[in-house]
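Asks: So that you have it, the file is query.tsv, and it contains TSV, C-alpha atoms:
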chain	number	residue	atom	x	y	z
H	1	MET	CA	-19.72	-5.35	3.63
H	2	THR	CA	-17.15	-3.72	1.36
H	3	GLY	CA	-17.45	-1.38	-1.58
H	4	THR	CA	-16.39	1.95	-3.01
H	5	ILE	CA	-15.69	5.40	-1.63
H	6	ASP	CA	-14.05	8.68	-2.54
H	7	LEU	CA	-12.21	11.29	-0.53
H	8	ALA	CA	-13.73	14.73	-1.07
H	9	GLY	CA	-14.78	13.61	-4.56
H	10	ASP	CA	-11.44	12.05	-5.48
H	11	PRO	CA	-11.50	8.30	-6.20
H	12	ASN	CA	-7.71	7.97	-5.81
H	13	ILE	CA	-8.04	6.98	-2.18
H	14	GLY	CA	-4.78	5.03	-2.11
H	15	VAL	CA	-2.83	8.24	-2.65
H	16	PHE	CA	-4.26	9.84	0.48
H	17	ALA	CA	-4.15	7.05	3.08
H	18	ARG	CA	-2.14	3.98	4.03
H	19	VAL	CA	-3.79	0.96	5.64
H	20	PHE	CA	-2.29	-1.87	7.68
H	21	GLU	CA	-3.83	-4.72	9.67
H	22	ASP	CA	-4.45	-2.59	12.74
H	23	ILE	CA	-4.17	1.07	11.72
H	24	ALA	CA	-5.03	3.44	8.90
H	25	ILE	CA	-2.92	6.59	8.51
H	26	VAL	CA	-4.88	9.55	7.19
H	27	HIS	CA	-4.50	13.32	7.05
H	28	PRO	CA	-6.02	15.20	10.02
H	29	VAL	CA	-8.59	16.94	7.80
H	30	ALA	CA	-9.82	13.76	6.10
H	31	PRO	CA	-13.64	13.78	6.09
H	32	ALA	CA	-15.34	11.96	8.94
H	33	ALA	CA	-17.33	9.82	6.48
H	34	PHE	CA	-14.05	8.55	5.03
H	35	THR	CA	-12.40	7.69	8.34
H	36	THR	CA	-15.60	6.11	9.65
H	37	ALA	CA	-15.76	3.87	6.58
H	38	LEU	CA	-12.18	2.77	7.12
H	39	GLU	CA	-12.88	1.93	10.76
H	40	ARG	CA	-16.03	0.00	9.86
H	41	GLU	CA	-14.90	-1.91	6.78
H	42	LEU	CA	-11.26	-2.60	7.68
H	43	ASP	CA	-11.49	-2.75	11.49
H	44	VAL	CA	-8.59	-0.34	12.05
H	45	GLU	CA	-7.64	2.44	14.41
H	46	ILE	CA	-7.36	5.81	12.68
H	47	VAL	CA	-3.99	7.57	13.00
H	48	LYS	CA	-4.12	11.20	11.95
H	49	THR	CA	-1.03	13.00	10.70
H	50	SER	CA	0.38	14.72	7.67
H	51	ILE	CA	3.67	13.64	6.07
H	52	GLN	CA	5.95	16.40	4.80
H	53	GLU	CA	2.99	18.65	5.69
H	54	SER	CA	1.18	16.92	2.81
H	55	SER	CA	-2.04	14.92	2.53
H	56	ILE	CA	-0.61	12.31	0.12
H	57	ILE	CA	0.00	9.80	2.91
H	58	GLY	CA	-0.26	6.77	0.65
H	59	SER	CA	2.58	7.99	-1.53
H	60	LEU	CA	4.91	8.75	1.36
H	61	VAL	CA	4.48	5.78	3.75
H	62	SER	CA	4.90	2.03	3.30
H	63	GLY	CA	5.62	-0.87	5.63
H	64	ASN	CA	3.97	-3.79	7.36
H	65	SER	CA	3.07	-5.02	10.84
H	66	ARG	CA	6.71	-4.75	11.93
H	67	GLY	CA	7.58	-1.22	10.86
H	68	LEU	CA	6.91	1.87	8.78
H	69	VAL	CA	9.12	3.17	5.98
H	70	VAL	CA	8.55	6.91	5.81
H	71	SER	CA	9.84	9.74	3.64
H	72	GLY	CA	13.00	11.20	5.12
H	73	LEU	CA	11.46	14.65	4.70
H	74	ALA	CA	8.78	13.97	7.30
H	75	ALA	CA	8.74	16.44	10.21
H	76	ASP	CA	9.69	15.44	13.74
H	77	GLU	CA	6.16	15.96	15.02
H	78	GLU	CA	4.77	13.73	12.25
H	79	LEU	CA	7.27	11.00	13.10
H	80	ALA	CA	6.38	11.31	16.77
H	81	VAL	CA	2.77	10.41	15.98
H	82	LEU	CA	3.77	7.38	13.89
H	83	SER	CA	6.36	6.14	16.37
H	84	ASP	CA	3.58	5.37	18.85
H	85	TYR	CA	2.52	2.52	16.52
H	86	ARG	CA	5.64	1.20	14.77
H	87	ASP	CA	9.39	1.47	14.54
H	88	ILE	CA	10.30	3.85	11.71
H	89	PHE	CA	12.83	3.65	8.89
H	90	LEU	CA	13.49	6.97	7.19
H	91	LEU	CA	13.88	6.79	3.42
H	92	GLU	CA	16.40	9.47	2.51
H	93	GLY	CA	17.67	10.76	-0.82
H	94	SER	CA	15.85	11.33	-4.08
H	95	MET	CA	13.84	8.09	-3.90
H	96	ASN	CA	12.01	9.03	-0.71
H	97	ALA	CA	8.32	8.59	-1.67
H	98	ALA	CA	8.14	5.31	0.23
H	99	GLY	CA	4.57	4.45	-0.71
H	100	ASN	CA	5.34	4.84	-4.39
H	101	VAL	CA	8.58	2.85	-4.49
H	102	ILE	CA	7.80	0.02	-2.01
H	103	LEU	CA	5.09	-2.65	-2.19
H	104	ALA	CA	5.02	-4.55	1.10
H	105	ASN	CA	3.08	-6.87	3.34
H	106	ASP	CA	4.14	-9.16	6.20
H	107	TYR	CA	5.73	-11.64	3.77
H	108	VAL	CA	7.57	-9.68	1.08
H	109	ALA	CA	8.76	-6.25	0.01
H	110	ALA	CA	9.11	-5.36	-3.67
H	111	VAL	CA	11.00	-2.13	-4.35
H	112	HIS	CA	11.72	0.17	-7.29
H	113	PRO	CA	14.22	-1.63	-9.57
H	114	GLY	CA	16.50	1.40	-9.51
H	115	MET	CA	16.82	1.38	-5.72
H	116	PRO	CA	20.41	0.68	-4.60
H	117	VAL	CA	20.86	-2.95	-3.57
H	118	ASP	CA	22.18	-2.08	-0.12
H	119	LEU	CA	19.20	0.18	0.60
H	120	ALA	CA	16.76	-2.47	-0.60
H	121	GLU	CA	18.41	-5.01	1.70
H	122	GLU	CA	18.20	-2.58	4.63
H	123	ILE	CA	14.47	-2.20	4.04
H	124	GLY	CA	13.98	-5.95	3.83
H	125	SER	CA	15.91	-6.44	7.06
H	126	PHE	CA	13.93	-3.68	8.80
H	127	LEU	CA	10.59	-5.18	7.75
H	128	SER	CA	11.85	-8.77	8.34
H	129	VAL	CA	10.83	-9.93	4.86
H	130	PRO	CA	12.62	-11.03	1.68
H	131	VAL	CA	13.06	-8.09	-0.68
H	132	ILE	CA	13.14	-7.99	-4.49
H	133	ARG	CA	13.77	-5.14	-6.91
H	134	LEU	CA	10.87	-5.20	-9.36
H	135	SER	CA	8.71	-3.36	-11.85
H	136	LEU	CA	5.10	-4.22	-12.64
H	137	GLY	CA	3.86	-3.70	-16.17
H	138	SER	CA	7.25	-2.01	-16.73
H	139	ILE	CA	6.20	0.61	-14.15
H	140	LYS	CA	9.00	1.18	-11.67
H	141	THR	CA	6.87	2.80	-8.96
H	142	VAL	CA	5.86	-0.64	-7.79
H	143	GLY	CA	3.97	0.67	-4.75
H	144	MET	CA	1.45	2.33	-7.06
H	145	ALA	CA	1.41	-0.45	-9.69
H	146	GLY	CA	0.47	-3.08	-7.13
H	147	PHE	CA	-1.35	-3.58	-3.84
H	148	ALA	CA	-0.41	-6.22	-1.27
H	149	THR	CA	-2.24	-7.56	1.76
H	150	ASN	CA	-1.49	-10.67	3.79
H	151	ARG	CA	-4.08	-12.55	1.70
H	152	GLY	CA	-3.05	-11.64	-1.86
H	153	ILE	CA	-1.30	-9.26	-4.23
H	154	LEU	CA	-3.15	-7.36	-6.97
H	155	VAL	CA	-0.88	-6.11	-9.76
H	156	HIS	CA	-1.05	-3.91	-12.85
H	157	PRO	CA	-2.91	-5.64	-15.71
H	158	ARG	CA	0.15	-5.29	-17.94
H	159	ALA	CA	2.42	-7.08	-15.47
H	160	ASN	CA	4.22	-9.77	-17.41
H	161	GLU	CA	4.92	-13.39	-16.60
H	162	MET	CA	8.50	-12.71	-15.57
H	163	GLU	CA	7.46	-9.99	-13.11
H	164	ILE	CA	4.77	-12.19	-11.57
H	165	GLU	CA	7.14	-15.15	-11.34
H	166	SER	CA	9.62	-12.95	-9.47
H	167	LEU	CA	6.98	-12.43	-6.79
H	168	GLU	CA	5.87	-16.05	-6.79
H	169	ARG	CA	9.43	-17.20	-6.05
H	170	VAL	CA	9.47	-15.36	-2.72
H	171	VAL	CA	5.86	-15.38	-1.49
H	172	ASP	CA	3.15	-18.05	-1.34
H	173	LEU	CA	0.06	-15.91	-1.90
H	174	PRO	CA	-2.45	-15.47	-4.73
H	175	ILE	CA	-1.13	-12.95	-7.26
H	176	GLY	CA	-3.46	-11.62	-9.92
H	177	LEU	CA	-3.97	-8.87	-12.47
H	178	GLY	CA	-6.52	-6.15	-11.86
H	179	SER	CA	-7.46	-2.50	-12.20
H	180	VAL	CA	-9.35	0.22	-10.34
H	181	ASN	CA	-11.38	3.33	-11.14
H	182	MET	CA	-12.60	2.27	-14.60
H	183	GLY	CA	-9.41	0.82	-16.00
H	184	SER	CA	-6.51	2.37	-14.11
H	185	GLY	CA	-3.71	-0.15	-13.80
H	186	LEU	CA	-2.19	1.82	-10.94
H	187	VAL	CA	-4.11	-0.27	-8.45
H	188	GLY	CA	-2.26	1.19	-5.48
H	189	THR	CA	-3.79	4.60	-6.19
H	190	GLY	CA	-7.39	3.44	-5.89
H	191	LEU	CA	-7.49	0.74	-3.24
H	192	LEU	CA	-7.24	0.46	0.56
H	193	ALA	CA	-7.33	-3.04	2.02
H	194	ASN	CA	-6.09	-5.43	4.66
H	195	SER	CA	-6.93	-9.05	5.46
H	196	LYS	CA	-10.30	-8.02	6.94
H	197	GLY	CA	-11.80	-5.93	4.14
H	198	TYR	CA	-11.29	-3.44	1.36
H	199	LEU	CA	-12.50	-0.13	-0.03
H	200	ALA	CA	-11.93	0.82	-3.66
H	201	GLY	CA	-12.14	4.20	-5.37
H	202	SER	CA	-15.65	5.34	-6.22
H	203	ALA	CA	-15.12	4.96	-9.99
H	204	THR	CA	-14.23	1.26	-9.67
H	205	THR	CA	-16.56	-0.96	-11.70
H	206	GLY	CA	-18.37	-4.07	-10.58
H	207	PHE	CA	-16.07	-6.24	-12.68
H	208	GLU	CA	-13.02	-4.62	-11.08
H	209	LEU	CA	-14.49	-5.14	-7.61
H	210	GLY	CA	-15.01	-8.80	-8.38
H	211	ARG	CA	-11.40	-9.14	-9.39
H	212	ILE	CA	-10.23	-7.39	-6.22
H	213	GLU	CA	-12.35	-9.75	-4.12
H	214	GLU	CA	-11.03	-12.79	-5.96
H	215	VAL	CA	-7.32	-11.93	-5.69
H	216	LEU	CA	-7.44	-10.58	-2.14
H	217	GLY	CA	-9.50	-13.48	-0.84
H	218	PHE	CA	-12.89	-11.95	-0.12
H	219	LEU	CA	-15.06	-14.29	-2.19
H	220	GLU	CA	-17.17	-16.63	-0.11
Would you mind writing the structure in this file as structure tokens?
Replies:
Amino acid sequence: MTGTIDLAGDPNIGVFARVFEDIAIVHPVAPAAFTTALERELDVEIVKTSIQESSIIGSLVSGNSRGLVVSGLAADEELAVLSDYRDIFLLEGSMNAAGNVILANDYVAAVHPGMPVDLAEEIGSFLSVPVIRLSLGSIKTVGMAGFATNRGILVHPRANEMEIESLERVVDLPIGLGSVNMGSGLVGTGLLANSKGYLAGSATTGFELGRIEEVLGFLE
């Protein structure tokens, strides 16, 4: 069973957590109902930590099954928690909100089009995936304008044919347009998913849920 949820009344659940195949990273004070739902619906272990002493985990962490890309402003004790689960690549400089500027799964990483080429290539090498510099719907924070699992990639409803074709050239997965939370194209802000299940923000409509299920491969 999958469905919708909020975090302390906020439907932008993708801002406050980051989910992978085996773990979900959440802030230590996340409500028990929220973490229990993640464990149940996505079959993950809960990892509790702040990043930069902040609760916006989803904006500050990206990665895949091979490693985590984390804001270079994360504290040593925060990195110590994460290093028990993955190797870590610190994203330094002004473009350090890793979850906002990187869209990744185990097959591809799309990064902010303004990211330096050498840095993008370092990230691709670290995650062991091909990397492309990309916007979605002309939005450069590609990690918020899209959501990727190992079964599909949901992208901003204004993503154009050229942007989608850029992804299709490097990954063989379903790619489709969608929205969350009653029309928000920033699908990364309102969705948590892996290959086993998904949870969408509480304002997400039935039509939007159907689209999520279709693109991410949850239709029977």
Asks: Got a sec to check which residues sit within 12 Å of (6.1, -0.9, 4.9), counting only C-alpha atoms, and write them as a count of residues only?
Replies: 51
Asks: For H:Ala8, work out the shell of residues within 12 Å, counting all atoms listed in the file and skipping chain neighbours fewer than 2 positions away, then give it as a PyMOL selection string.
Replies: chain H and resi 5-6+10-13+16+29-35+201-202
Asks: Using all atoms listed in the file, which protein or nucleic acid residues come within 12 Å of H:Ala193? Drop anything in the same chain fewer than 3 positions from it, and give the result as an MDAnalysis selection string.
Replies: chainID H and resid 2:4 13:14 17:24 37:39 41:44 105 147:154 187:190 196:201 212:213 215:218
Asks: Kindly give the distance, in Å, that separates atom CA of H:Gly137 and atom CA of H:Ser195, rounded to a single decimal.
Replies: 24.8 Å
Asks: Pick out the residues sitting within 6 Å of H:Pro157, and hand them over as a PDB file with C-alpha atoms, in the frame of the given file; count only C-alpha atoms, and ignore anything fewer than 5 positions along from it in its own chain.
Replies:
ATOM      1  CA  LEU H 177      -3.970  -8.870 -12.470  1.00  0.00           C
ATOM      2  CA  GLY H 178      -6.520  -6.150 -11.860  1.00  0.00           C
ATOM      3  CA  GLY H 185      -3.710  -0.150 -13.800  1.00  0.00           C
TER       4      GLY H 185
END
Asks: Atom CA of H:Leu136 and atom CA of H:Glu122 are how many Å apart?
Replies: 21.7 Å
Asks: Write out as a tab-separated table (two decimals) with C-alpha atoms, in the frame of the given file the residues lying within 10 Å of H:Glu163, counting all atoms listed in the file and excluding same-chain residues fewer than 5 positions away.
Replies:
chain	number	residue	atom	x	y	z
H	134	LEU	CA	10.87	-5.20	-9.36
H	135	SER	CA	8.71	-3.36	-11.85
H	136	LEU	CA	5.10	-4.22	-12.64
H	137	GLY	CA	3.86	-3.70	-16.17
H	138	SER	CA	7.25	-2.01	-16.73
H	155	VAL	CA	-0.88	-6.11	-9.76
H	158	ARG	CA	0.15	-5.29	-17.94
H	168	GLU	CA	5.87	-16.05	-6.79
Asks: Using only the atoms of stretch 8-14 of chain H listed in the file, plus 3 Å on each side, state the axis-aligned box centre and edge lengths in Å rounded to one decimal, as AutoDock Vina command-line options.
Replies:
--center_x -9.8 --center_y 9.9 --center_z -3.6 --size_x 16.0 --size_y 15.7 --size_z 11.1
Asks: Could you state the separation of atom CA of H:Gly183 and atom CA of H:Gly114 in Å, given to one decimal place?
Replies: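 Separating atom CA of H:Gly183 from atom CA of H:Gly114 is a distance of 26.7 Å.
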Asks: From the options H:Val117, H:Ile25, H:Ile164, H:Met95, which residue's atoms come nearest to H:Glu78, counting all atoms listed in the file?
Replies: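 Counting all atoms listed in the file, the residue closest to H:Glu78 is H:Ile25.
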